[in-house]
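Student: Following this line is upload19.cif, made up of mmCIF, C-alpha atoms:
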```
data_target
#
loop_
_atom_site.label_atom_id
_atom_site.label_comp_id
_atom_site.auth_asym_id
_atom_site.auth_seq_id
_atom_site.Cartn_x
_atom_site.Cartn_y
_atom_site.Cartn_z
CA MET A 1490 34.77 32.73 1.89
CA SER A 1491 36.43 34.86 4.58
CA ASN A 1492 36.15 33.91 8.25
CA ALA A 1493 33.44 36.47 8.82
CA GLN A 1494 31.00 35.29 6.14
CA ILE A 1495 27.91 33.09 6.16
CA THR A 1496 26.09 31.39 3.30
CA VAL A 1497 22.31 31.72 3.07
CA LEU A 1498 20.27 29.23 1.03
CA PHE A 1499 16.83 29.96 -0.38
CA PHE A 1500 14.24 27.48 -1.67
CA SER A 1501 10.89 27.53 -3.45
CA PHE A 1502 9.26 30.97 -3.38
CA ALA A 1503 11.96 32.29 -1.06
CA ALA A 1504 14.45 31.74 -3.91
CA ASP A 1505 12.08 33.51 -6.33
CA ARG A 1506 11.75 36.53 -4.03
CA MET A 1507 15.49 36.74 -3.41
CA ASN A 1508 16.28 36.10 -7.07
CA ALA A 1509 18.91 33.67 -5.81
CA ARG A 1510 19.26 30.18 -4.40
CA GLU A 1511 22.40 31.09 -2.47
CA LYS A 1512 23.91 34.34 -1.18
CA ILE A 1513 27.03 35.20 0.82
CA TYR A 1514 26.72 37.77 3.62
CA GLU A 1515 29.35 39.46 5.80
CA LEU A 1516 28.85 38.97 9.52
CA SER A 1517 30.09 42.24 11.00
CA THR A 1518 28.94 41.42 14.56
CA PRO A 1519 27.42 38.30 16.12
CA VAL A 1520 23.69 38.34 15.42
CA SER A 1521 20.70 36.06 15.91
CA ILE A 1522 18.79 34.75 12.89
CA GLN A 1523 15.96 37.04 13.90
CA GLU A 1524 18.18 40.13 13.78
CA PHE A 1525 19.84 38.98 10.57
CA PHE A 1526 16.42 38.34 9.00
CA HIS A 1527 15.09 41.80 9.80
CA LYS A 1528 18.25 43.54 8.64
CA ASN A 1529 18.98 41.60 5.42
CA LEU A 1530 16.07 39.46 4.26
CA SER A 1531 12.76 40.82 5.46
CA ALA A 1532 12.28 43.42 2.72
CA SER A 1533 12.77 40.96 -0.14
CA LEU A 1534 11.11 37.90 1.42
CA LYS A 1535 8.01 39.96 2.33
CA GLU A 1536 6.41 37.35 4.65
CA PRO A 1537 7.06 37.88 8.39
CA LEU A 1538 9.63 35.88 10.37
CA GLU A 1539 6.93 33.47 11.60
CA SER A 1540 6.29 32.30 8.02
CA TRP A 1541 9.68 30.65 7.71
CA LEU A 1542 11.62 27.81 9.18
CA PHE A 1543 15.37 28.00 9.56
CA SER A 1544 18.14 25.48 9.51
CA VAL A 1545 21.83 25.95 10.12
CA ASN A 1546 24.27 23.41 8.73
CA GLU A 1547 21.32 21.12 7.99
CA GLU A 1548 19.88 21.12 11.50
CA TRP A 1549 16.64 22.90 12.41
CA VAL A 1550 17.22 25.91 14.64
CA ASP A 1551 15.00 28.60 16.10
CA PRO A 1552 15.31 32.31 15.26
CA GLN A 1553 17.20 32.96 18.51
CA TYR A 1554 20.16 30.95 17.20
CA HIS A 1555 23.29 33.11 16.96
CA LEU A 1556 24.95 32.87 13.58
CA ARG A 1557 28.63 32.03 13.45
CA PRO A 1558 31.17 32.59 10.70
CA GLY A 1559 31.00 29.74 8.19
CA ASP A 1560 27.38 28.82 8.98
CA ALA A 1561 25.08 27.75 6.16
CA LEU A 1562 21.68 29.22 7.01
CA ALA A 1563 18.66 27.96 5.04
CA VAL A 1564 15.41 29.92 4.75
CA VAL A 1565 12.76 27.25 4.48
CA PRO A 1566 9.16 27.89 3.36
CA PRO A 1567 6.31 25.58 4.47
CA VAL A 1568 7.07 22.20 2.92
CA SER A 1569 4.77 20.69 0.29
CA GLY A 1570 6.39 17.45 -0.83
CA GLY A 1571 4.72 14.19 -1.69
CA MET B 977 -25.21 -37.15 -16.26
CA SER B 978 -28.82 -38.39 -16.01
CA ASN B 979 -31.60 -36.01 -15.05
CA ALA B 980 -31.64 -37.29 -11.49
CA GLN B 981 -27.98 -36.68 -10.65
CA ILE B 982 -26.08 -33.90 -8.87
CA THR B 983 -22.37 -33.08 -8.86
CA VAL B 984 -20.66 -32.46 -5.52
CA LEU B 985 -17.36 -30.56 -5.36
CA PHE B 986 -14.88 -30.86 -2.51
CA PHE B 987 -11.99 -28.52 -1.66
CA SER B 988 -9.06 -28.39 0.74
CA PHE B 989 -9.34 -30.93 3.56
CA ALA B 990 -12.86 -31.86 2.43
CA ALA B 991 -11.31 -33.20 -0.79
CA ASP B 992 -8.71 -35.08 1.27
CA ARG B 993 -11.36 -36.71 3.44
CA MET B 994 -13.54 -37.65 0.49
CA ASN B 995 -10.54 -38.80 -1.54
CA ALA B 996 -12.08 -36.86 -4.42
CA ARG B 997 -12.50 -33.34 -5.71
CA GLU B 998 -15.75 -34.18 -7.49
CA LYS B 999 -18.40 -36.89 -7.12
CA ILE B 1000 -21.69 -37.68 -8.83
CA TYR B 1001 -24.67 -38.69 -6.70
CA GLU B 1002 -28.11 -40.00 -7.65
CA LEU B 1003 -30.98 -37.93 -6.30
CA SER B 1004 -33.66 -40.52 -5.62
CA THR B 1005 -36.05 -38.08 -3.89
CA PRO B 1006 -35.90 -34.29 -3.38
CA VAL B 1007 -33.70 -33.59 -0.34
CA SER B 1008 -32.24 -30.59 1.45
CA ILE B 1009 -28.48 -30.15 1.66
CA GLN B 1010 -28.76 -30.95 5.36
CA GLU B 1011 -30.45 -34.31 4.66
CA PHE B 1012 -28.05 -35.06 1.79
CA PHE B 1013 -25.08 -34.23 4.04
CA HIS B 1014 -26.15 -36.58 6.83
CA LYS B 1015 -26.96 -39.42 4.44
CA ASN B 1016 -23.96 -39.22 2.07
CA LEU B 1017 -21.14 -37.03 3.39
CA SER B 1018 -21.14 -36.85 7.16
CA ALA B 1019 -19.29 -40.12 7.82
CA SER B 1020 -16.35 -39.25 5.55
CA LEU B 1021 -16.17 -35.49 6.18
CA LYS B 1022 -16.18 -36.06 9.96
CA GLU B 1023 -16.81 -32.41 10.97
CA PRO B 1024 -20.46 -31.54 11.73
CA LEU B 1025 -22.72 -29.69 9.30
CA GLU B 1026 -22.00 -26.36 11.00
CA SER B 1027 -18.32 -26.62 10.05
CA TRP B 1028 -19.04 -26.21 6.33
CA LEU B 1029 -20.36 -23.65 3.95
CA PHE B 1030 -22.33 -24.69 0.90
CA SER B 1031 -22.77 -23.26 -2.54
CA VAL B 1032 -25.00 -24.44 -5.35
CA ASN B 1033 -24.13 -23.45 -8.90
CA GLU B 1034 -21.62 -20.95 -7.50
CA GLU B 1035 -24.07 -19.14 -5.21
CA TRP B 1036 -23.94 -19.42 -1.43
CA VAL B 1037 -26.95 -21.30 -0.05
CA ASP B 1038 -27.99 -22.47 3.41
CA PRO B 1039 -28.39 -26.13 4.39
CA GLN B 1040 -32.18 -25.89 3.97
CA TYR B 1041 -31.75 -25.45 0.21
CA HIS B 1042 -33.46 -28.29 -1.69
CA LEU B 1043 -31.16 -29.90 -4.22
CA ARG B 1044 -32.41 -30.23 -7.77
CA PRO B 1045 -31.23 -32.53 -10.55
CA GLY B 1046 -28.24 -31.02 -12.32
CA ASP B 1047 -27.15 -28.90 -9.32
CA ALA B 1048 -23.44 -28.49 -8.60
CA LEU B 1049 -23.13 -28.50 -4.82
CA ALA B 1050 -19.82 -27.40 -3.29
CA VAL B 1051 -18.71 -28.33 0.22
CA VAL B 1052 -16.62 -25.40 1.36
CA PRO B 1053 -14.31 -25.46 4.39
CA PRO B 1054 -13.45 -22.24 6.25
CA VAL B 1055 -11.50 -20.11 3.75
CA SER B 1056 -7.85 -19.23 4.36
CA GLY B 1057 -6.72 -17.30 1.28
CA GLY B 1058 -4.39 -14.33 1.15
CA MET C 1498 -9.35 0.00 -15.52
CA ASP C 1499 -10.44 -2.62 -12.97
CA TYR C 1500 -9.12 -6.14 -13.15
CA TYR C 1501 -9.78 -9.34 -11.20
CA LEU C 1502 -7.89 -12.58 -11.61
CA VAL C 1503 -7.35 -15.97 -9.99
CA THR C 1504 -4.34 -17.54 -11.67
CA GLU C 1505 -1.56 -20.08 -11.41
CA ASP C 1506 0.85 -17.62 -13.01
CA SER C 1507 3.10 -15.25 -11.08
CA ILE C 1508 1.65 -11.83 -10.24
CA ASP C 1509 2.88 -8.98 -12.45
CA ILE C 1510 3.02 -5.90 -10.21
CA THR C 1511 4.19 -3.51 -12.92
CA GLU C 1512 1.28 -4.48 -15.15
CA SER C 1513 -1.13 -4.06 -12.22
CA LEU C 1514 0.15 -0.53 -11.64
CA THR C 1515 -0.37 0.26 -15.32
CA MET C 1516 -3.97 -0.91 -15.03
CA ILE C 1517 -4.81 1.42 -12.12
CA ASP C 1518 -2.93 4.32 -13.71
CA ASP C 1519 -5.03 7.44 -14.33
CA PRO C 1520 -4.00 11.12 -14.68
CA ARG C 1521 -6.75 12.09 -12.21
CA THR C 1522 -5.31 9.94 -9.41
CA GLY C 1523 -2.48 11.05 -7.14
CA ALA C 1524 -2.42 8.11 -4.74
CA GLN C 1525 -1.83 4.44 -5.34
CA ALA C 1526 -1.95 2.01 -2.40
CA ILE C 1527 -0.77 -1.52 -3.04
CA PHE C 1528 -0.85 -4.55 -0.78
CA LEU C 1529 1.27 -7.52 -1.74
CA GLY C 1530 1.04 -10.74 0.22
CA THR C 1531 3.98 -13.15 0.04
CA VAL C 1532 4.65 -16.65 1.31
CA ARG C 1533 6.53 -16.63 4.64
CA ASN C 1534 9.16 -19.08 5.81
CA GLU C 1535 7.39 -19.72 9.10
CA TYR C 1536 3.96 -19.81 10.68
CA ASN C 1537 3.47 -19.35 14.43
CA GLY C 1538 7.17 -20.00 14.92
CA ARG C 1539 7.29 -23.27 12.93
CA GLN C 1540 9.42 -23.38 9.79
CA SER C 1541 7.60 -23.68 6.48
CA LEU C 1542 8.85 -24.53 2.99
CA GLY C 1543 5.93 -22.96 1.15
CA LEU C 1544 2.18 -23.07 0.58
CA TYR C 1545 -0.22 -24.85 -1.71
CA TYR C 1546 -3.32 -22.77 -2.55
CA ASP C 1547 -6.47 -24.65 -3.50
CA ALA C 1548 -9.42 -22.68 -4.92
CA TYR C 1549 -12.91 -22.92 -6.28
CA PRO C 1550 -11.79 -20.83 -9.26
CA ALA C 1551 -15.12 -19.66 -10.70
CA MET C 1552 -16.51 -18.64 -7.29
CA ALA C 1553 -13.20 -17.16 -6.22
CA HIS C 1554 -13.11 -14.95 -9.30
CA ALA C 1555 -16.74 -13.89 -8.84
CA ARG C 1556 -16.17 -13.07 -5.17
CA ILE C 1557 -13.00 -11.08 -5.87
CA LYS C 1558 -14.88 -9.06 -8.49
CA LYS C 1559 -17.70 -8.46 -6.02
CA ILE C 1560 -15.21 -7.22 -3.41
CA GLY C 1561 -13.63 -4.84 -5.94
CA GLU C 1562 -17.01 -3.44 -6.94
CA ALA C 1563 -17.93 -2.96 -3.28
CA LEU C 1564 -14.66 -1.09 -2.66
CA LYS C 1565 -15.54 1.31 -5.48
CA GLN C 1566 -18.93 1.90 -3.84
CA ASP C 1567 -17.57 2.33 -0.34
CA PHE C 1568 -14.45 4.44 -0.95
CA ALA C 1569 -13.54 7.44 -3.15
CA ILE C 1570 -11.27 5.39 -5.39
CA SER C 1571 -10.85 5.26 -9.15
CA HIS C 1572 -9.53 1.81 -10.07
CA VAL C 1573 -9.00 -1.58 -8.41
CA VAL C 1574 -6.90 -4.60 -9.30
CA ILE C 1575 -7.17 -7.79 -7.23
CA ILE C 1576 -5.14 -10.84 -8.19
CA HIS C 1577 -4.84 -14.09 -6.23
CA ARG C 1578 -2.34 -16.69 -7.26
CA ILE C 1579 -3.09 -20.37 -6.58
CA GLY C 1580 -1.19 -23.65 -6.83
CA GLU C 1581 2.23 -24.42 -5.35
CA LEU C 1582 4.05 -21.30 -4.11
CA PRO C 1583 7.56 -21.25 -2.67
CA VAL C 1584 8.64 -19.00 0.20
CA GLY C 1585 8.89 -15.40 -1.02
CA ALA C 1586 6.42 -15.77 -3.89
CA ALA C 1587 3.59 -13.22 -4.13
CA SER C 1588 0.23 -14.88 -3.46
CA VAL C 1589 -2.11 -11.90 -3.51
CA LEU C 1590 -2.16 -8.32 -4.72
CA VAL C 1591 -4.68 -5.57 -4.01
CA ALA C 1592 -3.91 -2.31 -5.83
CA VAL C 1593 -6.11 0.79 -5.82
CA SER C 1594 -5.74 4.28 -7.22
CA ALA C 1595 -7.54 7.32 -5.88
CA PRO C 1596 -7.34 11.10 -6.05
CA HIS C 1597 -6.24 11.16 -2.38
CA ARG C 1598 -4.25 8.84 -0.15
CA GLU C 1599 -6.69 8.33 2.72
CA ALA C 1600 -9.23 6.60 0.46
CA ALA C 1601 -6.50 4.60 -1.30
CA PHE C 1602 -5.16 3.20 1.99
CA ALA C 1603 -8.59 2.48 3.47
CA ALA C 1604 -9.75 0.68 0.34
CA ALA C 1605 -6.60 -1.43 -0.04
CA LYS C 1606 -6.84 -2.45 3.62
CA ALA C 1607 -10.54 -3.32 3.39
CA GLY C 1608 -9.85 -5.17 0.13
CA ILE C 1609 -7.22 -7.55 1.52
CA ASP C 1610 -9.26 -8.07 4.72
CA ARG C 1611 -12.28 -9.13 2.66
CA VAL C 1612 -10.20 -11.31 0.30
CA LYS C 1613 -8.90 -13.25 3.29
CA GLN C 1614 -12.37 -13.64 4.80
CA GLU C 1615 -14.64 -14.25 1.83
CA VAL C 1616 -12.87 -15.80 -1.14
CA PRO C 1617 -13.05 -19.61 -1.50
CA ILE C 1618 -9.32 -20.23 -1.44
CA TRP C 1619 -7.53 -22.52 1.01
CA LYS C 1620 -3.89 -22.88 1.87
CA LYS C 1621 -1.87 -25.89 2.91
CA GLU C 1622 1.34 -25.31 4.84
CA HIS C 1623 4.34 -27.40 3.81
CA TRP C 1624 6.08 -27.77 7.18
CA ALA C 1625 9.83 -28.24 7.14
CA ASP C 1626 9.60 -30.88 9.91
CA GLY C 1627 6.40 -32.80 9.23
CA PRO C 1628 3.46 -33.57 6.95
CA SER C 1629 1.71 -30.71 5.14
CA GLU C 1630 -1.47 -29.39 6.76
CA TRP C 1631 -4.42 -27.29 5.62
CA HIS C 1632 -5.02 -24.06 7.51
CA ASP C 1633 -8.16 -24.17 9.68
CA ASP C 1634 -8.42 -27.94 9.46
CA PRO C 1635 -9.94 -28.89 12.85
CA SER C 1636 -7.96 -32.15 12.91
CA HIS C 1637 -4.50 -30.63 12.45
CA SER C 1638 -1.56 -30.58 14.82
CA GLY C 1639 -2.41 -27.30 16.51
CA ASN C 1640 0.18 -25.10 14.83
CA ILE C 1641 -2.49 -23.53 12.64
CA LYS C 1642 -5.25 -21.72 14.52
CA MET D 267 17.33 -3.77 3.49
CA ASP D 268 16.31 -0.16 4.13
CA TYR D 269 16.87 2.48 1.50
CA TYR D 270 16.34 6.23 1.37
CA LEU D 271 16.78 8.38 -1.71
CA VAL D 272 16.07 11.86 -3.07
CA THR D 273 16.66 11.74 -6.80
CA GLU D 274 15.95 13.32 -10.17
CA ASP D 275 15.64 9.85 -11.73
CA SER D 276 12.39 7.97 -12.14
CA ILE D 277 11.35 5.71 -9.26
CA ASP D 278 11.95 1.99 -9.82
CA ILE D 279 9.13 0.18 -8.02
CA THR D 280 10.32 -3.32 -8.87
CA GLU D 281 13.74 -2.60 -7.43
CA SER D 282 12.13 -1.13 -4.29
CA LEU D 283 10.13 -4.32 -3.78
CA THR D 284 13.30 -6.36 -4.12
CA MET D 285 14.89 -4.24 -1.39
CA ILE D 286 12.11 -4.87 1.15
CA ASP D 287 11.89 -8.57 0.21
CA ASP D 288 12.49 -10.98 3.11
CA PRO D 289 11.37 -14.59 3.61
CA ARG D 290 10.12 -13.70 7.11
CA THR D 291 7.67 -11.06 5.82
CA GLY D 292 4.22 -11.90 4.48
CA ALA D 293 2.92 -8.37 3.98
CA GLN D 294 4.18 -5.57 1.78
CA ALA D 295 2.35 -2.22 1.78
CA ILE D 296 3.36 0.28 -0.85
CA PHE D 297 2.26 3.87 -1.35
CA LEU D 298 2.99 5.50 -4.67
CA GLY D 299 2.26 9.18 -5.19
CA THR D 300 1.82 10.40 -8.76
CA VAL D 301 1.39 13.81 -10.37
CA ARG D 302 -2.29 14.61 -10.99
CA ASN D 303 -3.75 16.51 -13.93
CA GLU D 304 -5.67 18.88 -11.68
CA TYR D 305 -5.55 20.54 -8.28
CA ASN D 306 -8.71 21.80 -6.58
CA GLY D 307 -10.53 21.58 -9.89
CA ARG D 308 -7.97 23.58 -11.89
CA GLN D 309 -6.14 21.83 -14.72
CA SER D 310 -2.42 21.23 -14.27
CA LEU D 311 0.30 20.21 -16.73
CA GLY D 312 2.68 18.89 -14.08
CA LEU D 313 4.82 19.78 -11.08
CA TYR D 314 8.29 21.05 -10.39
CA TYR D 315 9.77 19.75 -7.13
CA ASP D 316 12.44 21.84 -5.43
CA ALA D 317 14.39 20.34 -2.51
CA TYR D 318 17.11 20.95 0.02
CA PRO D 319 18.65 17.61 -0.98
CA ALA D 320 20.97 16.89 1.94
CA MET D 321 18.35 17.78 4.56
CA ALA D 322 15.60 16.02 2.62
CA HIS D 323 17.62 12.81 2.54
CA ALA D 324 18.48 13.05 6.23
CA ARG D 325 14.85 13.67 7.16
CA ILE D 326 13.58 10.79 5.01
CA LYS D 327 16.08 8.47 6.67
CA LYS D 328 14.96 9.70 10.09
CA ILE D 329 11.33 9.00 9.21
CA GLY D 330 12.18 5.49 8.06
CA GLU D 331 14.12 4.78 11.25
CA ALA D 332 11.21 6.08 13.33
CA LEU D 333 8.78 3.81 11.45
CA LYS D 334 10.94 0.82 12.34
CA GLN D 335 10.79 1.88 15.99
CA ASP D 336 7.07 2.54 16.03
CA PHE D 337 5.71 -0.40 14.00
CA ALA D 338 6.41 -4.14 13.79
CA ILE D 339 7.95 -3.87 10.32
CA SER D 340 11.07 -5.40 8.81
CA HIS D 341 12.23 -3.10 5.99
CA VAL D 342 11.49 0.38 4.64
CA VAL D 343 12.20 2.10 1.35
CA ILE D 344 11.38 5.79 0.91
CA ILE D 345 12.18 7.52 -2.38
CA HIS D 346 11.25 11.08 -3.37
CA ARG D 347 11.77 12.24 -6.90
CA ILE D 348 12.50 15.92 -7.53
CA GLY D 349 12.79 18.16 -10.57
CA GLU D 350 10.27 18.52 -13.42
CA LEU D 351 7.59 15.82 -13.35
CA PRO D 352 4.85 15.42 -15.95
CA VAL D 353 1.31 14.31 -15.11
CA GLY D 354 1.27 10.62 -14.23
CA ALA D 355 4.90 10.44 -13.09
CA ALA D 356 5.61 8.90 -9.69
CA SER D 357 6.91 11.52 -7.26
CA VAL D 358 7.14 9.54 -4.03
CA LEU D 359 7.24 5.92 -2.90
CA VAL D 360 6.95 4.49 0.60
CA ALA D 361 7.30 0.69 0.72
CA VAL D 362 7.40 -1.41 3.87
CA SER D 363 7.49 -5.12 4.54
CA ALA D 364 6.28 -6.77 7.73
CA PRO D 365 5.31 -10.18 9.04
CA HIS D 366 1.65 -9.04 9.19
CA ARG D 367 -0.48 -6.66 7.21
CA GLU D 368 -1.81 -4.39 9.97
CA ALA D 369 1.68 -3.11 10.79
CA ALA D 370 2.59 -2.82 7.10
CA PHE D 371 -0.43 -0.61 6.33
CA ALA D 372 -0.07 1.53 9.45
CA ALA D 373 3.63 2.15 8.80
CA ALA D 374 3.19 3.00 5.11
CA LYS D 375 0.40 5.44 5.98
CA ALA D 376 2.41 7.09 8.76
CA GLY D 377 5.41 7.23 6.44
CA ILE D 378 3.76 9.14 3.63
CA ASP D 379 2.00 11.44 6.12
CA ARG D 380 5.34 12.34 7.68
CA VAL D 381 7.09 12.73 4.31
CA LYS D 382 4.48 15.29 3.29
CA GLN D 383 4.75 17.19 6.59
CA GLU D 384 8.44 17.13 7.41
CA VAL D 385 10.70 16.80 4.38
CA PRO D 386 12.13 20.03 2.90
CA ILE D 387 10.65 19.58 -0.57
CA TRP D 388 8.42 22.10 -2.32
CA LYS D 389 6.22 21.78 -5.36
CA LYS D 390 5.29 24.28 -8.02
CA GLU D 391 2.11 23.68 -9.97
CA HIS D 392 2.27 24.29 -13.73
CA TRP D 393 -1.27 25.51 -14.38
CA ALA D 394 -2.71 24.88 -17.82
CA ASP D 395 -4.30 28.37 -17.86
CA GLY D 396 -1.83 30.63 -16.09
CA PRO D 397 1.60 31.18 -14.54
CA SER D 398 3.14 28.43 -12.42
CA GLU D 399 2.75 28.81 -8.65
CA TRP D 400 4.40 27.31 -5.57
CA HIS D 401 2.16 25.41 -3.19
CA ASP D 402 1.64 27.26 0.13
CA ASP D 403 2.96 30.54 -1.24
CA PRO D 404 0.93 33.15 0.70
CA SER D 405 0.93 35.48 -2.32
CA HIS D 406 -0.57 33.05 -4.84
CA SER D 407 -3.90 33.18 -6.62
CA GLY D 408 -5.87 31.24 -4.05
CA ASN D 409 -6.08 27.94 -5.90
CA ILE D 410 -3.48 26.41 -3.62
CA LYS D 411 -4.38 26.36 0.06
#
```
Now, as a test, write the supplied structure out as structure tokens.

Tutor:
Amino acid sequence: MSNAQITVLFFSFAADRMNAREKIYELSTPVSIQEFFHKNLSASLKEPLESWLFSVNEEWVDPQYHLRPGDALAVVPPVSGG
Amino acid sequence: MSNAQITVLFFSFAADRMNAREKIYELSTPVSIQEFFHKNLSASLKEPLESWLFSVNEEWVDPQYHLRPGDALAVVPPVSGG
Amino acid sequence: MDYYLVTEDSIDITESLTMIDDPRTGAQAIFLGTVRNEYNGRQSLGLYYDAYPAMAHARIKKIGEALKQDFAISHVVIIHRIGELPVGAASVLVAVSAPHREAAFAAAKAGIDRVKQEVPIWKKEHWADGPSEWHDDPSHSGNIK
Amino acid sequence: MDYYLVTEDSIDITESLTMIDDPRTGAQAIFLGTVRNEYNGRQSLGLYYDAYPAMAHARIKKIGEALKQDFAISHVVIIHRIGELPVGAASVLVAVSAPHREAAFAAAKAGIDRVKQEVPIWKKEHWADGPSEWHDDPSHSGNIK
């Protein structure tokens, strides 16, 4: 992974819609999760931003978080364990 | 057991105070549990009538129940199972 | 299946879970009571459980049947062990299965509450520092309510 | 001891009870969730559980630590199984031990409630009569809320 890349993890139906559990993206400029979502994920994930939770490096973050090179962003659907 | 006898069962500290878990008594005349208690048990059991529950033939009864030959009366302290 | 037992043998939890097992149930709530090493701050070496076995069994069965009436549960197992029990031994088990967890928890809680209040079983505390005493004996030393 | 696990292996209840065992505790409350053969009246053949394992483990541990803060309990075990689970298999266990039963029940109930709400685990229902579907997928057939 180059210094300007991030990893994005997908679970449950997010993984189905992306056809992947993990993807690598180039970070050309610093962007928020919200901007990144609309540019790269929105079309495939279909549901609006408000339908998802996000974590970065295993900590919950809000969509205003600014992604940094090396981050592992997870797109998390509503949980349904138990 | 003759026709005019009853069995009395004692548990927990009632058995300790009676020095017995089971005793046979003659029923000379029909009596209520209350009368039987005051005549035969009260002195050894020490606690008043209200401290005990009674069952006859494995069904709860009140102290006004009239004992019949062949009955199995149980003197039941406050329960403490679990 | 439902199962009710008063026994001197140790309680088999795995077997109890098998008995309440059912493909329609998603929630099992189990309460297991064990013998503690102290009571009200005073050290104990164990408990002796006395019982009126026939009435105890009948009452436990009655409690289980009432739980099935009162809560949306599928199966109930209630087992009470009696006799001499060392610290750590399981004295009582209430296990219920239900489609959903709220009913399972409520029934298990009500079940153990009723077992403690209604079943003719009595326990004697083996104090580490003095003579054994029955719980709820009005003439005891005051360490047991 | 306390123990937190997200695993593809089957849940060992006996071992979990050993872990919460303590001579000072008299009350063990255990919740066991199992895979049902139906959901909202529609027949199911089983569940697939997906997870974000590292976060799921961290969250489960956090829940257990919070239970120990919030309730008068001694030990907690929380185990969530993931992967393909047939009907009847145990998917989740919350086991707590406490000196007294009220705290044990309250903590076990709060524990499973929080596991279901907060842990990044997702289940897919394998319908008997149609394609498998994720729970809470907004584009599903309507059988799953």

Student: Please compute the atom CA of C:Lys1558-atom CA of C:Tyr1501 distance, one decimal, in Å.

Tutor: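 Going from atom CA of C:Lys1558 over to atom CA of C:Tyr1501, I get 5.8 Å.
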
Student: As a ChimeraX atom specification, could you give me every residue of chain D near chain C (at most 9 Å apart, counting all atoms listed in the file)?

Tutor: /D:279-280,287-304,353-354,356,365,367-368,370-371,374-375,378

Student: Which distance in Å separates atom CA of D:Leu351 and atom CA of A:Phe1543, to one decimal?

Tutor: 27.1 Å

Student: Residues of chain D no more than 8 Å from chain A, counting all atoms listed in the file: send them over as a list in words.

Tutor: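 Therefore, the residues near the partner are Gly299, Tyr315, Asp316, Ala317, Tyr318, Ala320, Met321, His346, Ser357, Val358, Ile378, Val381, Lys382, Gln383, Glu384, Val385, Pro386, Ile387, Trp388, Lys389, Lys390, Trp400, His401, Asp402, Asp403 and Pro404 of chain D.
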
Student: Tell me, in Å to one decimal, how far atom CA of D:Arg308 is from atom CA of D:Glu274.

Tutor: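 We find that atom CA of D:Arg308 and atom CA of D:Glu274 lie 26.1 Å from each other.
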
Student: Within 12 Å of (-33.2, -29.5, 0.4) in the file's own coordinates, which protein, DNA or RNA residues have an atom, counting only C-alpha atoms? List them as a list in words.

Tutor: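 Answer for this query, in the requested form: Leu1003, Thr1005, Pro1006, Val1007, Ser1008, Ile1009, Gln1010, Glu1011, Phe1012, Phe1013, His1014, Phe1030, Val1032, Val1037, Asp1038, Pro1039, Gln1040, Tyr1041, His1042, Leu1043, Arg1044, Pro1045, Asp1047 and Leu1049 of chain B.
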
Student: Please define a box with edges along x, y and z of the file around all atoms of stretch 1585-1592 of chain C given in the file, extend it by 6 Å on each side, and return its centre and edge lengths in Å to one decimal, as AutoDock Vina command-line options.

Tutor:
```
--center_x 2.1 --center_y -9.0 --center_z -3.4 --size_x 25.6 --size_y 25.5 --size_z 16.8
```

Student: Go through C:Ala1553, C:Ser1541, C:Gly1608, C:Glu1630 and flag the residue nearest C:Phe1568, using all atoms listed in the file for the distances.

Tutor: C:Gly1608

Student: With distances taken over only C-alpha atoms, which of A:Ala1493, A:Ser1533, A:Ala1561, A:Lys1528 is nearest to A:Lys1512?

Tutor: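 The shortest atom-to-atom distance to A:Lys1512 comes from A:Ala1561.
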